[in-house]
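Engineer: What follows is the file work-v4.cif, containing mmCIF, C-alpha atoms and all ligand atoms:
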data_my_file
#
loop_
_atom_site.label_atom_id
_atom_site.label_comp_id
_atom_site.auth_asym_id
_atom_site.auth_seq_id
_atom_site.Cartn_x
_atom_site.Cartn_y
_atom_site.Cartn_z
CA MET A 1 -3.99 -11.37 14.21
CA LYS A 2 -6.55 -9.01 15.62
CA ILE A 3 -5.76 -6.92 18.69
CA ASN A 4 -8.44 -5.56 20.97
CA VAL A 5 -7.30 -2.04 21.84
CA SER A 6 -8.86 -2.24 25.31
CA HIS A 7 -6.55 -5.20 26.08
CA ILE A 8 -3.34 -3.22 25.51
CA PRO A 9 -1.92 -2.60 28.99
CA ALA A 10 -0.73 0.83 30.12
CA GLU A 11 2.93 -0.29 30.01
CA GLY A 12 2.55 -1.42 26.40
CA MET A 13 2.74 -4.82 24.76
CA LYS A 14 5.50 -6.67 22.96
CA LEU A 15 4.66 -9.15 20.21
CA GLN A 16 6.72 -11.72 18.30
CA LEU A 17 4.95 -13.09 15.25
CA SER A 18 5.81 -15.46 12.43
CA ARG A 19 3.99 -15.64 9.13
CA ASP A 20 4.34 -18.41 6.57
CA ALA A 21 3.55 -18.93 2.90
CA LYS A 22 0.04 -20.22 3.59
CA TRP A 23 -0.75 -17.03 5.50
CA LEU A 24 0.09 -14.91 2.46
CA SER A 25 -1.89 -17.05 0.02
CA ASP A 26 -4.91 -16.93 2.38
CA LEU A 27 -4.63 -13.17 2.75
CA CYS A 28 -3.84 -12.19 -0.79
CA PRO A 29 -6.72 -12.00 -3.25
CA PRO A 30 -6.22 -14.60 -6.02
CA GLN A 31 -6.62 -12.00 -8.78
CA GLU A 32 -3.62 -10.11 -7.43
CA LYS A 33 -0.46 -11.06 -9.28
CA ILE A 34 2.48 -11.79 -7.01
CA ASP A 35 5.88 -11.93 -8.68
CA PHE A 36 7.82 -13.31 -5.75
CA ILE A 37 7.86 -16.52 -3.75
CA PHE A 38 7.23 -15.84 -0.10
CA HIS A 39 8.89 -18.20 2.40
CA GLY A 40 7.99 -16.42 5.59
CA ALA A 41 8.40 -13.38 7.81
CA ASP A 42 9.33 -12.76 11.41
CA ILE A 43 7.85 -9.67 12.96
CA SER A 44 8.65 -8.18 16.33
CA CYS A 45 6.78 -5.11 17.45
CA PHE A 46 5.79 -3.04 20.43
CA LEU A 47 2.30 -1.61 20.89
CA ARG A 48 1.75 1.49 22.98
CA LYS A 49 -1.59 3.12 23.70
CA ILE A 50 -1.95 6.81 24.48
CA SER A 51 -5.57 7.71 25.03
CA GLU A 52 -7.35 6.10 22.04
CA THR A 53 -4.34 6.22 19.73
CA VAL A 54 -2.18 3.13 19.30
CA TYR A 55 1.44 3.39 18.22
CA VAL A 56 3.12 0.32 16.75
CA GLU A 57 6.87 0.18 16.25
CA GLY A 58 8.83 -2.81 15.09
CA ASN A 59 10.72 -4.63 12.41
CA THR A 60 10.20 -7.44 9.95
CA ILE A 61 12.59 -9.97 8.48
CA THR A 62 11.15 -11.39 5.28
CA THR A 63 12.50 -14.28 3.22
CA VAL A 64 11.52 -14.25 -0.45
CA ASP A 65 12.69 -15.66 -3.76
CA LEU A 66 13.03 -12.98 -6.42
CA GLU A 67 13.88 -13.11 -10.09
CA CYS A 68 16.99 -11.15 -11.04
CA CYS A 69 16.06 -8.42 -13.53
CA ARG A 70 19.34 -8.93 -15.44
CA CYS A 71 19.92 -12.69 -15.62
CA LEU A 72 16.42 -13.96 -14.65
CA ASP A 73 17.90 -16.35 -12.08
CA VAL A 74 15.75 -16.81 -9.00
CA THR A 75 17.61 -16.25 -5.74
CA THR A 76 16.62 -16.05 -2.09
CA HIS A 77 16.65 -12.63 -0.44
CA ILE A 78 16.37 -11.78 3.23
CA LEU A 79 14.84 -8.32 3.60
CA ARG A 80 14.93 -6.41 6.87
CA THR A 81 12.97 -3.27 7.61
CA ASP A 82 11.79 -1.13 10.51
CA PHE A 83 8.30 0.28 10.58
CA LYS A 84 6.05 2.63 12.53
CA TYR A 85 2.28 2.70 12.47
CA THR A 86 -0.27 4.92 14.14
CA PHE A 87 -3.83 3.71 14.59
CA ALA A 88 -6.63 6.04 15.61
CA PRO A 89 -10.30 5.19 16.23
CA SER A 90 -12.38 5.78 13.11
CA GLU A 91 -15.15 7.66 14.98
CA ASN A 92 -12.97 10.78 14.97
CA HIS A 93 -11.97 10.26 11.37
CA ALA A 94 -14.47 12.66 9.77
CA ALA A 95 -13.51 15.54 12.04
CA GLU A 96 -9.78 14.99 11.50
CA GLU A 97 -10.13 14.93 7.74
CA MET A 98 -11.00 18.61 7.84
CA GLU A 99 -7.36 19.47 8.46
CA LEU A 100 -5.15 16.84 6.89
CA SER A 101 -1.47 17.26 7.51
CA VAL A 102 1.42 15.09 6.39
CA GLU A 103 1.39 13.19 9.67
CA ASP A 104 -2.29 12.39 9.30
CA LEU A 105 -1.61 10.56 6.07
CA GLU A 106 0.42 8.06 8.06
CA VAL A 107 -2.52 7.26 10.32
CA SER A 108 -4.61 4.14 9.90
CA TYR A 109 -8.05 3.86 11.46
CA TYR A 110 -9.62 1.08 13.46
CA ASP A 111 -13.24 0.18 14.15
CA ASN A 112 -14.89 -1.32 17.22
CA ASP A 113 -11.65 -1.36 19.23
CA ILE A 114 -10.09 -3.89 16.83
CA ILE A 115 -6.74 -3.47 15.06
CA ASP A 116 -5.92 -5.96 12.33
CA LEU A 117 -2.16 -6.51 12.52
CA ASP A 118 -2.10 -8.86 9.54
CA GLN A 119 -3.11 -6.06 7.20
CA MET A 120 -0.20 -4.01 8.58
CA ILE A 121 2.23 -6.93 8.21
CA PHE A 122 1.05 -7.54 4.64
CA GLU A 123 1.64 -3.88 3.76
CA GLN A 124 5.13 -4.03 5.24
CA ILE A 125 6.05 -7.11 3.24
CA ALA A 126 4.65 -5.66 0.01
CA LEU A 127 6.61 -2.43 0.55
CA GLN A 128 9.87 -4.30 1.04
CA ILE A 129 9.86 -6.16 -2.26
CA PRO A 130 12.18 -4.28 -4.64
CA MET A 131 10.81 -3.38 -8.08
CA LYS A 132 14.03 -4.57 -9.70
CA ALA A 133 15.87 -7.25 -7.81
CA LEU A 134 19.44 -8.32 -8.57
CA CYS A 135 20.95 -11.71 -7.74
CA ALA A 136 24.16 -9.76 -6.99
CA ASP A 137 25.32 -6.19 -7.63
CA SER A 138 27.96 -7.63 -9.93
CA CYS A 139 25.48 -9.65 -12.01
CA LYS A 140 26.64 -9.74 -15.63
CA GLY A 141 23.19 -10.52 -17.00
CA LEU A 142 22.39 -12.34 -20.20
CA CYS A 143 24.23 -12.01 -23.50
CA PRO A 144 22.04 -9.76 -25.66
CA HIS A 145 22.85 -11.90 -28.70
CA CYS A 146 22.59 -15.54 -27.64
CA GLY A 147 20.89 -15.18 -24.25
CA ILE A 148 23.48 -17.18 -22.32
CA ASN A 149 23.83 -16.42 -18.62
CA LEU A 150 27.19 -14.57 -18.46
CA ASN A 151 27.58 -15.23 -14.74
CA SER A 152 28.15 -18.92 -15.29
CA ALA A 153 29.22 -19.23 -18.92
CA LYS A 154 31.01 -17.49 -21.76
CA CYS A 155 29.79 -17.28 -25.30
CA THR A 156 31.50 -16.59 -28.60
CA CYS A 157 29.35 -13.58 -29.54
CA ASN A 158 32.40 -11.39 -28.87
CA SER A 159 30.28 -8.79 -27.12
CA GLU A 160 31.14 -7.98 -23.56
CA PHE A 161 28.38 -6.98 -21.22
CA VAL A 162 27.95 -3.30 -22.03
CA ASP A 163 26.48 -0.94 -19.51
CA GLU A 164 23.51 0.84 -21.12
CA ARG A 165 24.93 4.24 -20.19
CA LEU A 166 28.21 3.37 -21.89
CA ALA A 167 26.33 2.24 -24.97
CA VAL A 168 24.73 5.68 -25.21
CA LEU A 169 28.15 7.33 -24.94
CA LYS A 170 29.52 5.15 -27.73
CA LYS A 171 26.65 6.19 -30.01
CA LEU A 172 27.32 9.86 -29.27
CA LYS A 173 30.97 9.45 -30.21
CA VAL A 174 30.04 7.97 -33.58
CA LYS A 175 28.03 11.08 -34.43
CA HIS A 176 30.97 13.50 -33.99
ZN ZN B 1 21.47 -11.82 -11.96
ZN ZN B 2 26.37 -14.59 -26.62
#
Could I get this structure in the form of structure tokens?
Ligand SMILES: [Zn+2]
Ligand SMILES: [Zn+2]
Structural biologist:
Amino acid sequence: MKINVSHIPAEGMKLQLSRDAKWLSDLCPPQEKIDFIFHGADISCFLRKISETVYVEGNTITTVDLECCRCLDVTTHILRTDFKYTFAPSENHAAEEMELSVEDLEVSYYDNDIIDLDQMIFEQIALQIPMKALCADSCKGLCPHCGINLNSAKCTCNSEFVDERLAVLKKLKVKH
């Protein structure tokens, strides 16, 4: 969705948006590997314009399927996040680059009075996806010997799920 900055009223503008799986596959370049299944996102945000600068504040609720990094089961996750964006016209960009501060790094630039909200929404969704997802904090993972899913079955390998940190401790004890 593209917003014309000149159409943002003085009192600001509230937006409710929904994005579905087709939207993501249209937006995302095919060469980019996506390791999650996107079901959709609901975005609500408020746009405020002060002079030429546009401030966007809002939140997203994203529904994705993610593979558990311990047991490899795929489960549905609902991710919620708040976000803030600042958009400034790109004409002033060169001058501002002379003195970059931390706040400036948070600024995006727009051309010809047009802000592309879909790019912003895409960034928000990408940022929310955890690097290592868990189906549950208590996930027991797979048996390192036979590969059985220890959440739903027991095996006869006689090896309990051992926390990696504990395994290191056990090795240290052997040395002494
Ligand atoms: Zn798991
Ligand atoms: Zn086993």
Engineer: Dump as an MDAnalysis selection string all residues having an atom at most 9 Å from (2.6, -1.6, 20.9), computed in the file's coordinates with only C-alpha atoms.
Structural biologist: chainID A and resid 8 12:15 45:49 54:58
Engineer: Please write out the residues within 9 Å of ligand ZN 1 (chain B) as a PyMOL selection string, counting all atoms listed in the file.
Structural biologist: chain A and resi 67-75+133-142+149+151
Engineer: Which of these, A:Ala126, A:Leu150, A:Ala10, A:Cys143, has the shortest distance to ligand ZN 2 (chain B) once you count only C-alpha atoms and all ligand atoms?
Structural biologist: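 The shortest atom-to-atom distance to ligand ZN 2 (chain B) comes from A:Cys143.
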Engineer: Compute the set of protein, DNA and RNA residues whose minimum atom distance to ligand ZN 2 (chain B) is at most 9 Å, using all atoms listed in the file, and state it as a ChimeraX atom specification.
Structural biologist: /A:142-150,154-160
Engineer: Looking at all atoms listed in the file, which of A:Asn4, A:Ser51, A:Gln16, A:Thr63 is the one that sits closest to A:Thr76?
Structural biologist: A:Thr63
Engineer: Using atom CA of A:Met131 and atom CA of A:Asp118 as the two end points, give the distance in Å to one decimal.
Structural biologist: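 So the two atoms, atom CA of A:Met131 and atom CA of A:Asp118, lie 22.5 Å apart.
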Engineer: Find the residue from A:Asp20, A:Glu91, A:Asp111, A:Asp26 that sits nearest to A:Ile43; use all atoms listed in the file when measuring.
Structural biologist: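 Of A:Asp20, A:Glu91, A:Asp111, A:Asp26, the one nearest A:Ile43, counting all atoms listed in the file, is A:Asp20.
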Engineer: What gap, in Å, lies between atom CA of A:Asn112 and atom CA of A:Ala21?
Structural biologist: 29.2 Å
Engineer: Within 10 Å of A:Tyr110, counting all atoms listed in the file, which residues show up once you throw out same-chain ones fewer than 4 positions away? Write them as a list of chain:residue names, please.
Structural biologist: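 My list of contacting residues is A:Val5, A:Thr53, A:Val54, A:Phe87, A:Ala88, A:Pro89, A:Ser90, A:Glu91, A:His93, A:Ile114, A:Ile115, A:Asp116.
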Engineer: From the set A:Leu17, A:Cys28, A:Ile61, A:Ile129, which residue has the shortest atom-to-atom contact distance to A:Met1, counting only C-alpha atoms?
Structural biologist: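 Nearest to A:Met1: A:Leu17.
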Engineer: Any idea what the distance is between atom CA of A:Ser6 and atom CA of A:Lys84?
Structural biologist: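 For atom CA of A:Ser6 relative to atom CA of A:Lys84, the distance reads 20.2 Å.
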Engineer: Excluding A:Arg80 and any residue of its chain fewer than 3 positions from it, enumerate the residues within 12 Å of it, using only C-alpha atoms, and give them as a ChimeraX atom specification.
Structural biologist: /A:41-44,58-64,77,83,124-125,127-129
Engineer: Between A:His7, A:Arg19, A:Lys33, A:Lys132, which has the minimum distance to A:Leu66 (counting all atoms listed in the file)?
Structural biologist: A:Lys132
Engineer: Rank nothing, just name the residue among A:Thr86, A:Lys2, A:Asp113, A:Lys22 nearest to A:Ile50, using all atoms listed in the file.
Structural biologist: A:Thr86
